[in-house]
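Participant: So that we are looking at the same thing, I have put the structure below in structure tokens.
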Amino acid sequence: MDISLARRSVTAEAGHAAVAAAVAHGRAAGKAVVAAVVDASGDLVALLRGDGAFKASITIAQDKAYTAAVFGASSHALGADLSGNPALHQGIALRPGVVLFAGGLPLLENGVVIGGIGVSGGSEEDDLACAGAGLSALGLG
């Protein structure tokens with residue numbers, strides 16, 4: 001019996017590249033956003049607050065990244081998947097740090113979750129596009 005396992009995780013360098021790309025994408029679209037990258041356990045690796053982004057977006061971006069990483073699914077897909085079961089949807093939504101709307105995407109390397117990226121500050125569509133730009137900067141999108 002094995003009593004331990006190796007866990008892959010996003011690097012700080014990759015996290016910084018992803019948040020920079022996400023914030024730059026927002027800026028180019030005229031949106032002030034915050035981007036956060038967390039590791040596979042949901043712990044913060046990198047965070048960047050774009051000029052003029054709301055302070056509240058800091059925590060929301062982190063929560064979106066956390067949700068994507070620990071559930072291994074986009075925050076909006078998780079919300080949609082749970083919508084058919086109101087009790088489960090509400091129970092998961094009430095968990096600290098969980099967000100069930102768009103803007104959080106898992107970082108998947110060869111099918112393995114290595115972290116998550118979350119963006120907040122624009123509409124759900126804006127946040128999702130910025131998060132996608134972060135993934136693309138890592139060659140994952």
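Convention: chains lettered A, B, ... in structure tokens order; per-chain residue numbering from 1; ligands numbered from 1 as shown.
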Applying 8 Å and only C-alpha atoms, which residues near Ala133 (chain A) remain after dropping the ones on its own chain fewer than 6 positions away? List them as a PyMOL selection string.
Facilitator: chain A and resi 18+21-22+25+141
Participant: Got time to write the residues from that selection, N, CA, C and O atoms, as a PDB file, in the first residue's frame?
Facilitator:
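Once written, selection.pdb looks like this:
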ATOM      1  N   ALA A  18      -0.234  33.980 -16.100  1.00  0.00           N
ATOM      2  CA  ALA A  18      -1.675  33.852 -16.335  1.00  0.00           C
ATOM      3  C   ALA A  18      -2.444  35.081 -15.854  1.00  0.00           C
ATOM      4  O   ALA A  18      -3.310  35.594 -16.561  1.00  0.00           O
ATOM      5  N   ALA A  21      -1.801  38.062 -18.166  1.00  0.00           N
ATOM      6  CA  ALA A  21      -2.531  37.942 -19.429  1.00  0.00           C
ATOM      7  C   ALA A  21      -4.014  38.228 -19.240  1.00  0.00           C
ATOM      8  O   ALA A  21      -4.645  38.890 -20.076  1.00  0.00           O
ATOM      9  N   ALA A  22      -4.580  37.750 -18.154  1.00  0.00           N
ATOM     10  CA  ALA A  22      -6.005  37.976 -17.889  1.00  0.00           C
ATOM     11  C   ALA A  22      -6.304  39.457 -17.678  1.00  0.00           C
ATOM     12  O   ALA A  22      -7.262  39.995 -18.246  1.00  0.00           O
ATOM     13  N   HIS A  25      -5.953  41.349 -20.952  1.00  0.00           N
ATOM     14  CA  HIS A  25      -7.117  41.117 -21.806  1.00  0.00           C
ATOM     15  C   HIS A  25      -8.269  42.019 -21.367  1.00  0.00           C
ATOM     16  O   HIS A  25      -8.942  42.626 -22.215  1.00  0.00           O
ATOM     17  N   GLY A 141      -5.373  26.895 -23.051  1.00  0.00           N
ATOM     18  CA  GLY A 141      -6.711  27.285 -23.490  1.00  0.00           C
ATOM     19  C   GLY A 141      -6.967  27.041 -24.945  1.00  0.00           C
ATOM     20  O   GLY A 141      -6.201  26.684 -25.748  1.00  0.00           O
TER      21      GLY A 141
END
Participant: Applying 12 Å and only C-alpha atoms, which residues near Gly30 (chain A) remain after dropping the ones on its own chain fewer than 5 positions away? List them as a count of residues only.
Facilitator: 12
Participant: Please report, as a count of residues only, each residue of chain A to which DSSP assigns helix (DSSP H, G or I) when run on this structure's backbone.
Facilitator: 63
Participant: In terms of the shortest atom-to-atom distance over only C-alpha atoms, which of A:Leu44, A:Arg8, A:Ile60, A:Val98 is closest to Gly111 (chain A)?
Facilitator: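 The shortest atom-to-atom distance to Gly111 (chain A) comes from A:Arg8.
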Participant: Would you please extract all strand (DSSP E or B) residues from region 54-128 of chain A, as assigned by DSSP on the backbone, and give them as a PyMOL selection string?
Facilitator: chain A and resi 104-109+112-120
Participant: Using the selection just defined, write its residues with N, CA and C atoms as a short mmCIF file (atom, residue, chain, number, x, y, z; two decimals), in the first residue's frame.
Facilitator:
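To be explicit, this is the file written out as again38.cif:
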data_model
loop_
_atom_site.label_atom_id
_atom_site.label_comp_id
_atom_site.auth_asym_id
_atom_site.auth_seq_id
_atom_site.Cartn_x
_atom_site.Cartn_y
_atom_site.Cartn_z
N GLY A 104 -14.39 31.44 -13.26
CA GLY A 104 -13.39 30.53 -12.71
C GLY A 104 -13.19 29.34 -13.62
N LEU A 105 -11.92 29.06 -13.97
CA LEU A 105 -11.60 27.93 -14.84
C LEU A 105 -10.49 27.09 -14.21
N PRO A 106 -10.60 25.78 -14.32
CA PRO A 106 -9.51 24.94 -13.80
C PRO A 106 -8.29 25.02 -14.73
N LEU A 107 -7.12 24.88 -14.16
CA LEU A 107 -5.88 24.74 -14.93
C LEU A 107 -5.63 23.25 -15.04
N LEU A 108 -5.77 22.72 -16.24
CA LEU A 108 -5.60 21.29 -16.48
C LEU A 108 -4.37 21.06 -17.34
N GLU A 109 -3.47 20.22 -16.85
CA GLU A 109 -2.29 19.84 -17.61
C GLU A 109 -2.37 18.33 -17.82
N VAL A 112 -4.92 16.64 -15.68
CA VAL A 112 -4.73 16.72 -14.23
C VAL A 112 -4.91 18.16 -13.77
N VAL A 113 -5.71 18.36 -12.74
CA VAL A 113 -5.90 19.70 -12.20
C VAL A 113 -4.63 20.12 -11.47
N ILE A 114 -4.06 21.24 -11.93
CA ILE A 114 -2.85 21.77 -11.28
C ILE A 114 -3.14 23.12 -10.62
N GLY A 115 -4.37 23.59 -10.74
CA GLY A 115 -4.75 24.86 -10.14
C GLY A 115 -6.02 25.39 -10.75
N GLY A 116 -6.26 26.68 -10.52
CA GLY A 116 -7.43 27.34 -11.08
C GLY A 116 -7.14 28.81 -11.27
N ILE A 117 -7.87 29.43 -12.19
CA ILE A 117 -7.78 30.88 -12.39
C ILE A 117 -9.17 31.46 -12.23
N GLY A 118 -9.25 32.60 -11.57
CA GLY A 118 -10.51 33.29 -11.40
C GLY A 118 -10.34 34.76 -11.74
N VAL A 119 -11.36 35.33 -12.36
CA VAL A 119 -11.34 36.74 -12.74
C VAL A 119 -12.65 37.38 -12.31
N SER A 120 -12.55 38.60 -11.79
CA SER A 120 -13.74 39.35 -11.38
C SER A 120 -13.54 40.82 -11.71
#
Participant: If we count only C-alpha atoms, what is near Leu138 (chain A) at a cut-off of 9 Å, once residues fewer than 2 positions away on the same chain are taken out, given as a list in words?
Facilitator: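 With the cut-off at 9 Å, the set is Ala14, Gly15, Ala17, Ala18, Ala133, Gly134, Leu135, Ser136, Leu140 and Gly141 of chain A.
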Participant: Any idea what's packed within 6 Å of Phe101 (chain A), counting only C-alpha atoms, ignoring anything in its chain fewer than 2 positions away? Could you give it as a ChimeraX atom specification?
Facilitator: /A:75-76,99
Participant: Could you tell me which of A:Ser74, A:Ala32, A:Asp39, A:Gly79 comes closest to Lys55 (chain A) if we count only C-alpha atoms?
Facilitator: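 Of A:Ser74, A:Ala32, A:Asp39, A:Gly79, the one nearest Lys55 (chain A), counting only C-alpha atoms, is A:Ala32.
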Participant: Find the residues around Tyr66 (chain A) up to 7 Å (only C-alpha atoms counted), leave out those fewer than 5 positions away in its own chain, and share them as a CSV table (one decimal) with N, CA, C and O atoms, in the first residue's frame.
Facilitator:
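Result file around28.csv:
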chain,number,residue,atom,x,y,z
A,38,VAL,N,-4.7,30.0,-8.2
A,38,VAL,CA,-4.5,29.1,-7.0
A,38,VAL,C,-3.9,27.8,-7.4
A,38,VAL,O,-4.0,27.4,-8.6
A,42,GLY,N,-6.2,24.9,-3.9
A,42,GLY,CA,-7.0,26.2,-3.7
A,42,GLY,C,-6.2,27.3,-3.0
A,42,GLY,O,-6.8,28.3,-2.7
A,97,GLY,N,-15.9,30.3,0.2
A,97,GLY,CA,-15.0,30.4,-1.0
A,97,GLY,C,-15.6,29.8,-2.2
A,97,GLY,O,-14.8,29.7,-3.2
A,116,GLY,N,-6.3,26.7,-10.5
A,116,GLY,CA,-7.4,27.3,-11.1
A,116,GLY,C,-7.1,28.8,-11.3
A,116,GLY,O,-6.3,29.4,-10.6
Participant: Select, from A:Val19, A:Val33, A:Ala68, A:Gly26, the residue with the minimum atom-to-atom distance to Leu47 (chain A), counting only C-alpha atoms.
Facilitator: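 Smallest separation from Leu47 (chain A) among the options: A:Val19.
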Participant: If we count only C-alpha atoms and set the cut-off at 12 Å, which residues sit around Arg95 (chain A), ignoring sequence neighbours fewer than 6 positions away in its own chain? Please answer as a PyMOL selection string.
Facilitator: chain A and resi 63+66-67+88-89
Participant: Can you work out the spacing between CA of Lys64 (chain A) and CA of Leu82 (chain A) in Å, to one decimal?
Facilitator: 16.0 Å
Participant: What is the CA of Ala73 (chain A) to CA of Lys31 (chain A) distance in Å?
Facilitator: 24.7 Å
Participant: Between A:Leu100, A:Ile92, A:Ala20, A:Ala61, which residue has the minimum interatomic distance to Leu78 (chain A), considering only C-alpha atoms?
Facilitator: A:Leu100
Participant: Quick one, how far is CA of Gly103 (chain A) from CA of Asp127 (chain A)?
Facilitator: 4.7 Å
